[in-house]
Structure formats: C-alpha cells, structure tokens
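Participant: Below is run15.csv; it holds CSV, C-alpha atoms.
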```csv
chain,number,residue,atom,x,y,z
A,1,MET,CA,9.8,-14.3,-42.1
A,2,THR,CA,7.3,-13.6,-39.4
A,3,GLU,CA,8.7,-13.6,-35.9
A,4,THR,CA,7.0,-16.0,-33.5
A,5,THR,CA,7.2,-16.9,-29.9
A,6,PRO,CA,5.5,-19.6,-27.8
A,7,LEU,CA,3.2,-17.0,-26.2
A,8,LYS,CA,2.2,-15.7,-29.6
A,9,ASP,CA,1.6,-19.2,-30.9
A,10,ILE,CA,-0.7,-20.0,-28.0
A,11,ALA,CA,-2.5,-16.6,-28.3
A,12,ASN,CA,-3.0,-17.1,-32.1
A,13,SER,CA,-4.5,-20.5,-31.6
A,14,ILE,CA,-7.3,-19.1,-29.4
A,15,LYS,CA,-10.1,-17.0,-30.7
A,16,VAL,CA,-10.2,-13.9,-28.4
A,17,PRO,CA,-13.8,-12.8,-27.7
A,18,ALA,CA,-14.7,-9.6,-29.5
A,19,ASP,CA,-15.9,-7.9,-26.4
A,20,LEU,CA,-12.6,-8.6,-24.7
A,21,ILE,CA,-10.7,-7.0,-27.5
A,22,LYS,CA,-13.1,-4.0,-27.5
A,23,ALA,CA,-12.7,-3.4,-23.7
A,24,ALA,CA,-8.9,-3.2,-23.9
A,25,GLY,CA,-8.4,-2.3,-27.5
A,26,GLU,CA,-10.5,0.6,-28.6
A,27,PRO,CA,-8.8,3.9,-29.5
A,28,PRO,CA,-6.7,5.3,-28.1
A,29,ALA,CA,-5.4,2.0,-26.7
A,30,HIS,CA,-5.9,0.0,-29.9
A,31,GLU,CA,-2.3,0.0,-30.9
A,32,PHE,CA,-1.3,-2.4,-28.1
A,33,GLY,CA,-4.8,-3.5,-27.0
A,34,GLN,CA,-4.9,-6.7,-29.1
A,35,GLY,CA,-1.8,-8.2,-27.6
A,36,LEU,CA,-2.9,-7.2,-24.1
A,37,ALA,CA,-6.3,-8.7,-24.7
A,38,ASP,CA,-4.7,-11.9,-25.7
A,39,ILE,CA,-2.7,-12.1,-22.5
A,40,ILE,CA,-5.7,-11.3,-20.4
A,41,TYR,CA,-7.7,-14.0,-22.1
A,42,LEU,CA,-5.0,-16.6,-21.6
A,43,ILE,CA,-4.5,-15.9,-18.0
A,44,PHE,CA,-8.1,-15.2,-16.8
A,45,SER,CA,-10.1,-17.7,-18.9
A,46,PRO,CA,-9.4,-20.6,-16.5
A,47,ILE,CA,-10.7,-18.5,-13.6
A,48,LYS,CA,-13.9,-17.7,-15.5
A,49,LYS,CA,-14.4,-21.4,-15.9
A,50,TRP,CA,-13.5,-22.4,-12.3
A,51,ARG,CA,-15.3,-19.6,-10.6
A,52,ALA,CA,-18.1,-17.8,-12.3
A,53,SER,CA,-18.4,-15.3,-9.5
A,54,ALA,CA,-15.0,-13.8,-10.4
A,55,GLU,CA,-16.3,-12.7,-13.8
A,56,ALA,CA,-17.7,-9.4,-12.6
A,57,ASN,CA,-14.4,-8.4,-11.1
A,58,ILE,CA,-12.6,-9.5,-14.2
A,59,GLU,CA,-14.8,-7.2,-16.2
A,60,LYS,CA,-14.0,-4.4,-13.8
A,61,TYR,CA,-10.3,-5.1,-14.1
A,62,LYS,CA,-10.4,-5.0,-17.9
A,63,ALA,CA,-12.3,-1.7,-17.7
A,64,GLU,CA,-9.7,-0.3,-15.2
A,65,ILE,CA,-6.8,-1.3,-17.5
A,66,ALA,CA,-8.5,0.3,-20.5
A,67,LYS,CA,-9.2,3.5,-18.5
A,68,GLU,CA,-5.5,3.7,-17.4
A,69,LEU,CA,-4.3,3.1,-20.9
A,70,ASP,CA,-6.7,5.8,-22.2
A,71,LYS,CA,-5.0,8.4,-19.9
A,72,ILE,CA,-1.7,8.0,-21.8
A,73,GLU,CA,-1.0,10.7,-24.4
A,74,PRO,CA,-0.9,9.2,-27.9
A,75,GLU,CA,2.7,10.1,-28.5
A,76,LYS,CA,3.8,8.4,-25.3
A,77,ARG,CA,2.1,5.1,-25.9
A,78,THR,CA,4.3,2.1,-26.5
A,79,GLU,CA,4.0,-1.7,-26.3
A,80,PRO,CA,3.7,-2.7,-22.6
A,81,LYS,CA,6.8,-4.4,-21.2
A,82,LEU,CA,6.0,-8.1,-21.2
A,83,SER,CA,8.4,-8.5,-18.2
A,84,VAL,CA,6.0,-6.3,-16.2
A,85,ALA,CA,2.5,-6.7,-17.9
A,86,GLY,CA,2.8,-10.5,-18.1
A,87,PRO,CA,3.7,-11.2,-14.4
A,88,ALA,CA,1.3,-8.4,-13.3
A,89,LEU,CA,-1.6,-10.0,-15.1
A,90,GLU,CA,-0.6,-13.5,-13.9
A,91,ALA,CA,-0.3,-12.4,-10.3
A,92,SER,CA,-3.4,-10.2,-10.2
A,93,LYS,CA,-5.8,-13.1,-10.8
A,94,TYR,CA,-5.3,-13.9,-7.1
A,95,TYR,CA,-6.2,-10.4,-6.0
A,96,ILE,CA,-9.1,-9.8,-8.4
A,97,GLU,CA,-11.5,-9.2,-5.5
A,98,GLU,CA,-9.4,-6.6,-3.7
A,99,ASP,CA,-10.3,-3.2,-5.2
A,100,GLU,CA,-7.2,-1.4,-4.1
A,101,LEU,CA,-4.8,-4.0,-5.2
A,102,ARG,CA,-6.5,-4.6,-8.5
A,103,SER,CA,-6.2,-0.9,-9.2
A,104,MET,CA,-2.5,-1.0,-8.4
A,105,PHE,CA,-2.0,-3.8,-10.9
A,106,ALA,CA,-4.0,-1.9,-13.6
A,107,LYS,CA,-1.9,1.3,-13.1
A,108,LEU,CA,1.4,-0.7,-13.2
A,109,ILE,CA,0.4,-2.3,-16.5
A,110,ALA,CA,-0.4,1.1,-17.9
A,111,ALA,CA,2.8,2.5,-16.6
A,112,SER,CA,4.7,-0.2,-18.5
A,113,ALA,CA,3.0,1.1,-21.7
A,114,ASN,CA,3.9,4.7,-21.1
A,115,THR,CA,7.3,6.0,-22.3
A,116,ASP,CA,7.3,8.5,-19.3
A,117,TYR,CA,7.2,5.6,-16.8
A,118,GLN,CA,8.3,2.5,-18.7
A,119,ASP,CA,11.8,2.4,-17.2
A,120,GLY,CA,10.4,3.0,-13.7
A,121,ALA,CA,7.8,0.3,-14.1
A,122,ILE,CA,9.9,-2.6,-12.9
A,123,PRO,CA,9.1,-6.3,-12.3
A,124,ALA,CA,9.8,-5.9,-8.6
A,125,PHE,CA,6.7,-3.8,-8.2
A,126,VAL,CA,4.6,-6.9,-9.1
A,127,GLU,CA,6.1,-8.7,-6.0
A,128,ILE,CA,5.5,-5.6,-3.9
A,129,ILE,CA,1.8,-5.5,-4.7
A,130,LYS,CA,1.6,-9.3,-4.0
A,131,GLN,CA,2.9,-8.7,-0.5
A,132,LEU,CA,0.4,-6.0,0.4
A,133,SER,CA,-2.9,-6.5,2.1
A,134,ALA,CA,-5.9,-4.4,1.2
A,135,PHE,CA,-5.3,-2.7,4.6
A,136,ASP,CA,-1.7,-2.0,3.7
A,137,ALA,CA,-2.9,-0.5,0.4
A,138,LYS,CA,-5.4,1.8,2.2
A,139,ASN,CA,-2.6,3.0,4.6
A,140,LEU,CA,-0.3,3.6,1.7
A,141,ILE,CA,-2.9,5.7,0.0
A,142,GLU,CA,-3.4,7.7,3.2
A,143,LEU,CA,0.3,8.3,3.6
A,144,LYS,CA,0.5,9.5,0.0
A,145,LYS,CA,-2.3,11.9,0.7
A,146,ILE,CA,-0.5,13.3,3.7
A,147,THR,CA,2.6,14.0,1.6
A,148,TYR,CA,0.6,15.6,-1.2
A,149,CYS,CA,-1.2,17.8,1.3
A,150,GLN,CA,2.1,18.9,2.7
A,151,LYS,CA,1.1,17.8,6.2
A,152,PRO,CA,3.9,17.1,8.7
A,153,LEU,CA,5.3,13.6,8.3
A,154,VAL,CA,5.2,13.1,12.1
A,155,ALA,CA,5.8,9.8,13.8
A,156,GLY,CA,6.9,8.7,17.3
A,157,LYS,CA,7.7,5.9,19.7
A,158,LEU,CA,5.4,5.5,22.7
A,159,ARG,CA,7.3,4.3,25.8
A,160,LEU,CA,6.6,3.7,29.4
A,161,LEU,CA,9.7,4.9,31.3
A,162,ASN,CA,11.1,5.6,34.8
A,163,PRO,CA,12.1,9.2,34.4
A,164,GLU,CA,15.0,8.8,36.8
A,165,THR,CA,16.6,5.8,35.3
A,166,GLY,CA,15.4,6.0,31.7
A,167,MET,CA,14.5,2.3,32.0
A,168,GLY,CA,11.2,0.9,30.8
A,169,ARG,CA,9.6,-0.6,27.7
A,170,THR,CA,8.2,0.4,24.3
A,171,ILE,CA,4.5,0.2,24.0
A,172,PHE,CA,4.2,1.2,20.4
A,173,GLU,CA,7.2,1.3,18.0
A,174,HIS,CA,5.8,3.2,15.1
A,175,TYR,CA,3.3,5.8,16.2
A,176,ILE,CA,2.0,7.5,13.0
A,177,PRO,CA,-1.3,9.4,13.3
A,178,LEU,CA,-3.4,7.7,10.6
A,179,ALA,CA,-7.2,7.9,10.3
A,180,ASP,CA,-9.2,5.5,12.5
A,181,PHE,CA,-6.1,4.5,14.4
A,182,ASN,CA,-7.0,3.6,18.0
A,183,ASN,CA,-6.2,1.2,20.8
A,184,GLU,CA,-8.5,-1.5,19.5
A,185,ASN,CA,-6.9,-1.8,16.1
A,186,SER,CA,-3.3,-0.6,17.0
A,187,ASN,CA,-1.9,-4.1,16.5
A,188,ILE,CA,-3.0,-4.4,12.8
A,189,TYR,CA,-1.7,-0.8,12.2
A,190,ALA,CA,1.6,-1.8,13.7
A,191,VAL,CA,1.9,-4.8,11.5
A,192,SER,CA,0.9,-2.8,8.4
A,193,ILE,CA,3.5,-0.1,9.1
A,194,ASP,CA,6.1,-2.8,9.7
A,195,ASN,CA,5.3,-4.4,6.4
A,196,LEU,CA,5.5,-1.1,4.4
A,197,GLN,CA,9.0,-0.6,6.0
A,198,ARG,CA,10.0,-4.2,5.3
A,199,LEU,CA,9.1,-3.7,1.6
A,200,GLY,CA,11.2,-0.6,1.4
A,201,LEU,CA,8.4,1.8,0.7
A,202,ILE,CA,8.7,4.0,3.8
A,203,ILE,CA,11.3,4.7,6.4
A,204,ILE,CA,10.9,6.0,9.9
A,205,HIS,CA,13.7,8.1,11.4
A,206,HIS,CA,13.7,7.7,15.2
A,207,GLY,CA,15.4,10.4,17.2
A,208,SER,CA,14.5,13.1,14.6
A,209,SER,CA,13.5,16.3,16.3
A,210,ALA,CA,10.0,17.5,15.5
A,211,LYS,CA,8.4,20.9,16.0
A,212,ARG,CA,6.5,21.3,19.2
A,213,GLU,CA,3.1,21.4,17.4
A,214,PHE,CA,3.9,18.1,15.7
A,215,HIS,CA,4.7,16.5,19.1
A,216,ASP,CA,1.4,18.0,20.5
A,217,GLU,CA,-0.5,16.4,17.6
A,218,LEU,CA,0.6,13.0,18.9
A,219,LEU,CA,-0.3,13.9,22.5
A,220,ASN,CA,-3.8,14.9,21.4
A,221,LEU,CA,-4.6,11.6,19.8
A,222,ASP,CA,-7.2,9.4,21.5
A,223,PHE,CA,-4.7,6.5,21.3
A,224,TYR,CA,-2.3,8.4,23.6
A,225,LYS,CA,-5.0,9.7,25.9
A,226,GLU,CA,-6.5,6.2,26.5
A,227,TYR,CA,-3.1,4.8,27.4
A,228,LYS,CA,-2.5,7.8,29.7
A,229,ALA,CA,-5.9,7.2,31.4
A,230,GLN,CA,-5.1,3.5,31.9
A,231,LEU,CA,-1.7,4.4,33.5
A,232,THR,CA,-3.3,6.9,35.8
A,233,GLU,CA,-5.9,4.3,37.0
A,234,LEU,CA,-3.1,1.8,37.7
A,235,GLN,CA,-1.1,4.3,39.7
A,236,LYS,CA,-4.2,5.1,41.9
A,237,ASP,CA,-4.4,1.4,43.0
A,238,VAL,CA,-4.0,1.7,46.8
A,239,ASN,CA,-3.5,-2.1,47.1
A,240,ARG,CA,-0.3,-1.7,45.0
A,241,VAL,CA,-1.1,-4.9,43.1
A,242,ASN,CA,1.4,-4.0,40.5
A,243,ASP,CA,4.2,-1.7,41.6
A,244,TYR,CA,5.7,-1.7,38.1
A,245,TYR,CA,3.5,1.2,37.0
A,246,ILE,CA,3.9,3.4,40.1
A,247,ASP,CA,7.1,5.3,39.0
A,248,LYS,CA,6.4,5.2,35.3
A,249,GLU,CA,5.6,8.0,32.8
A,250,LEU,CA,4.2,7.8,29.4
A,251,VAL,CA,6.7,9.3,26.9
A,252,ILE,CA,6.6,10.0,23.2
A,253,GLU,CA,10.0,9.9,21.5
A,254,ASP,CA,9.9,12.1,18.5
A,255,ALA,CA,10.4,10.6,15.0
A,256,THR,CA,9.6,11.4,11.4
A,257,TRP,CA,8.7,9.2,8.4
A,258,ASN,CA,9.1,9.5,4.7
A,259,PHE,CA,8.8,7.5,1.5
A,260,THR,CA,12.0,6.0,0.2
A,261,ASP,CA,13.1,6.7,-3.4
A,262,PHE,CA,11.9,3.2,-4.2
A,263,GLY,CA,8.6,4.0,-2.5
A,264,GLU,CA,8.2,7.2,-4.4
A,265,LEU,CA,8.7,5.4,-7.7
A,266,PHE,CA,6.2,2.8,-6.6
A,267,ILE,CA,3.6,5.5,-5.9
A,268,LYS,CA,4.1,7.1,-9.3
A,269,CYS,CA,3.7,3.8,-11.1
A,270,CYS,CA,1.0,2.1,-9.0
A,271,LEU,CA,-1.0,4.7,-7.2
A,272,ASP,CA,-1.0,8.0,-9.1
```
Once you've parsed the file, please lay out its structure as structure tokens.

Facilitator:
Amino acid sequence: MTETTPLKDIANSIKVPADLIKAAGEPPAHEFGQGLADIIYLIFSPIKKWRASAEANIEKYKAEIAKELDKIEPEKRTEPKLSVAGPALEASKYYIEEDELRSMFAKLIAASANTDYQDGAIPAFVEIIKQLSAFDAKNLIELKKITYCQKPLVAGKLRLLNPETGMGRTIFEHYIPLADFNNENSNIYAVSIDNLQRLGLIIIHHGSSAKREFHDELLNLDFYKEYKAQLTELQKDVNRVNDYYIDKELVIEDATWNFTDFGELFIKCCLD
C-alpha cells in the first residue's frame, strides 16, 4: 500500500509547473528535486498571487537552492529533512527580498539534504535566521572572514574613567573593529553585536589579555580617535561648564571574541 501524508495529498492534487520542477529538480538534484519543488510551490504560490513583484526574488531563491543542491556530491545526497526544509521554506517567504538571509535559508535547506551536514542542520537554525537583520547577516559574514583569515579576534570595552578612583561609565560595551564602524553608526553596530550574542552565535570575553599590537589596533580606529578628540575639547573648556570630564581618561579594557560551538555549526550550515 502506498504511504500517504496530508502534505503529499495536497502536493499531488496540485499540478506543479514544469519550469519549477526543472529549476530545483534537474540532475544532480533530481532525486529529491520533485518533492522540494512541490513544497516550494505550495508555500510560495500564494505570494506570487498576492504580490507579483516578489516573483523575481522567488526565481532567484529557487535558483540559489538548486545551486546549493548541485554542490552536494552524488553519494552524499539524501532526502532533505522535512523538519528543516519545511519550516525554512515557510519562514523564508517573509525574507525573500533580503539577499543575505535568502542565501542562508538556501544553504540550510541544502545542508539538510547533505549526509555530511544533515545531523547539524537543525530546526533551531530556522529561528536564528528569522531573528537576524540583513545588517546582522553582513556583520556575521565579516566576522567569519576575520576568523578564516586568522586575524586577531580582538574586542574591547571603551570606558570614561577617573584614573585615581576607577569610577566612570562605559561608553561602548562591545568594541569590535568591523569595517565601516564609526561614531555615526556605532549604535546599530552595538545592537547587532548584542543580537549575535543573544542568539548564542558569538561570545565576548571581557578581561581577556590581548597582545599589545591588538590593543593598538583599537587605539588607531577613527571611532576611538573621535571620542578622544571630543574629550580633549571638553577638557579645554575654560568656563568649566561640565566638570565631569575634567579628571576623566578614555580607557580601552581589553577583550576577545569568538564563535560559540553553536555559532560555528550555524556558519557551516548557513554561510559556508
């Protein structure tokens, strides 16, 4: 007796467009392309009706999935895990316009169909991608590049302190030298780093000793230099409008960062 499920019943009742099957089902992905094409059609066909402008991005998405499936060695291909591929496709329709996030979903779906990664491609990663912004994704990609280039994983905490009492306040909690990071956009960078930590992808170790050249790298950033210049100007104020800054120094407390084990697995399944 032929096994049937509600999903298969629905899929079998709908004629899947030939071009859809072709995009996701041509060799070497043909072994599991039909089922995947059915799911794509079921999930995305309402969007194509409600918003025609999404069609181009849907086509890109199908091509990206097919490309990722094509990378899998034939002997390592298997049916994609429905517990991953189904939720990933369902969730991704809300992120179809975000190139970075769409790519993550495509890679995760392919990982669920690869015996090398299938056990690591877990449903939790769907929820992680859903909670990332495109800006978070770009920062995550840059952090990955830093580790792959074996650059120092340097971080720091920028504080304004009285050197005698050690009292003061933190200006910037997670000071990681990322590209385009400056005073004007420091707030969104701070939120992004906080989010990557909240999701368990990275961890920052405050109080970790760093080599002198790593510390100097933070001192040489425009972000630090601009704060230093602002503090100098405030301390030159002969009218003493704000005495708070008179006895303060700008200090960087060394720290390091790294990917968590969870984060490294996420990178392998959703970014590599």

Participant: Might you pull out every residue within 7 Å of region 179-195 of chain A, with all atoms listed in the file counted and same-chain residues fewer than 3 positions away left off, and present them as a PyMOL selection string?

Facilitator: chain A and resi 136+174+198-199+222-223

Participant: Just give me the gap between CA of Thr78 (chain A) and CA of Leu108 (chain A) in Å, one decimal is fine.

Facilitator: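 So the answer is 13.9 Å.
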
Participant: Have a look at A:Glu64, A:Ser83, A:Val251, A:Ala137 and name the one nearest to Glu98 (chain A); count all atoms listed in the file.

Facilitator: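 Looking only at the distances to Glu98 (chain A), the closest residue turns out to be A:Ala137.
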
Participant: Which value, in Å to one decimal, gives the distance between CA of Gly207 (chain A) and CA of Gly168 (chain A)?

Facilitator: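 Pair CA of Gly207 (chain A) / CA of Gly168 (chain A) returns 17.1 Å.
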
Participant: Would you pick out the contacts of Val126 (chain A) at 12 Å or less, using all atoms listed in the file, so that residues sharing its chain but fewer than 6 positions from it are not included, and give the list as a PDB file with C-alpha atoms, keeping the file's coordinate frame?

Facilitator:
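Heads up, here's the output in result.pdb:
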```
ATOM      1  CA  SER A  83       8.400  -8.500 -18.200  1.00  0.00           C
ATOM      2  CA  VAL A  84       6.000  -6.300 -16.200  1.00  0.00           C
ATOM      3  CA  ALA A  85       2.500  -6.700 -17.900  1.00  0.00           C
ATOM      4  CA  GLY A  86       2.800 -10.500 -18.100  1.00  0.00           C
ATOM      5  CA  PRO A  87       3.700 -11.200 -14.400  1.00  0.00           C
ATOM      6  CA  ALA A  88       1.300  -8.400 -13.300  1.00  0.00           C
ATOM      7  CA  LEU A  89      -1.600 -10.000 -15.100  1.00  0.00           C
ATOM      8  CA  GLU A  90      -0.600 -13.500 -13.900  1.00  0.00           C
ATOM      9  CA  ALA A  91      -0.300 -12.400 -10.300  1.00  0.00           C
ATOM     10  CA  SER A  92      -3.400 -10.200 -10.200  1.00  0.00           C
ATOM     11  CA  TYR A  95      -6.200 -10.400  -6.000  1.00  0.00           C
ATOM     12  CA  LEU A 101      -4.800  -4.000  -5.200  1.00  0.00           C
ATOM     13  CA  ARG A 102      -6.500  -4.600  -8.500  1.00  0.00           C
ATOM     14  CA  MET A 104      -2.500  -1.000  -8.400  1.00  0.00           C
ATOM     15  CA  PHE A 105      -2.000  -3.800 -10.900  1.00  0.00           C
ATOM     16  CA  ALA A 106      -4.000  -1.900 -13.600  1.00  0.00           C
ATOM     17  CA  LYS A 107      -1.900   1.300 -13.100  1.00  0.00           C
ATOM     18  CA  LEU A 108       1.400  -0.700 -13.200  1.00  0.00           C
ATOM     19  CA  ILE A 109       0.400  -2.300 -16.500  1.00  0.00           C
ATOM     20  CA  SER A 112       4.700  -0.200 -18.500  1.00  0.00           C
ATOM     21  CA  LEU A 132       0.400  -6.000   0.400  1.00  0.00           C
ATOM     22  CA  PHE A 266       6.200   2.800  -6.600  1.00  0.00           C
ATOM     23  CA  CYS A 269       3.700   3.800 -11.100  1.00  0.00           C
ATOM     24  CA  CYS A 270       1.000   2.100  -9.000  1.00  0.00           C
TER      25      CYS A 270
END
```

Participant: Could you jot down the CA of Glu164 (chain A) to CA of Asp247 (chain A) separation for me, Å, one decimal place?

Facilitator: 8.9 Å

Participant: Taking (9.0, 9.9, 2.8) in the file's own coordinates, collect the residues within 7 Å, counting all atoms listed in the file, and hand them back as a ChimeraX atom specification.

Facilitator: /A:202-203,257-260
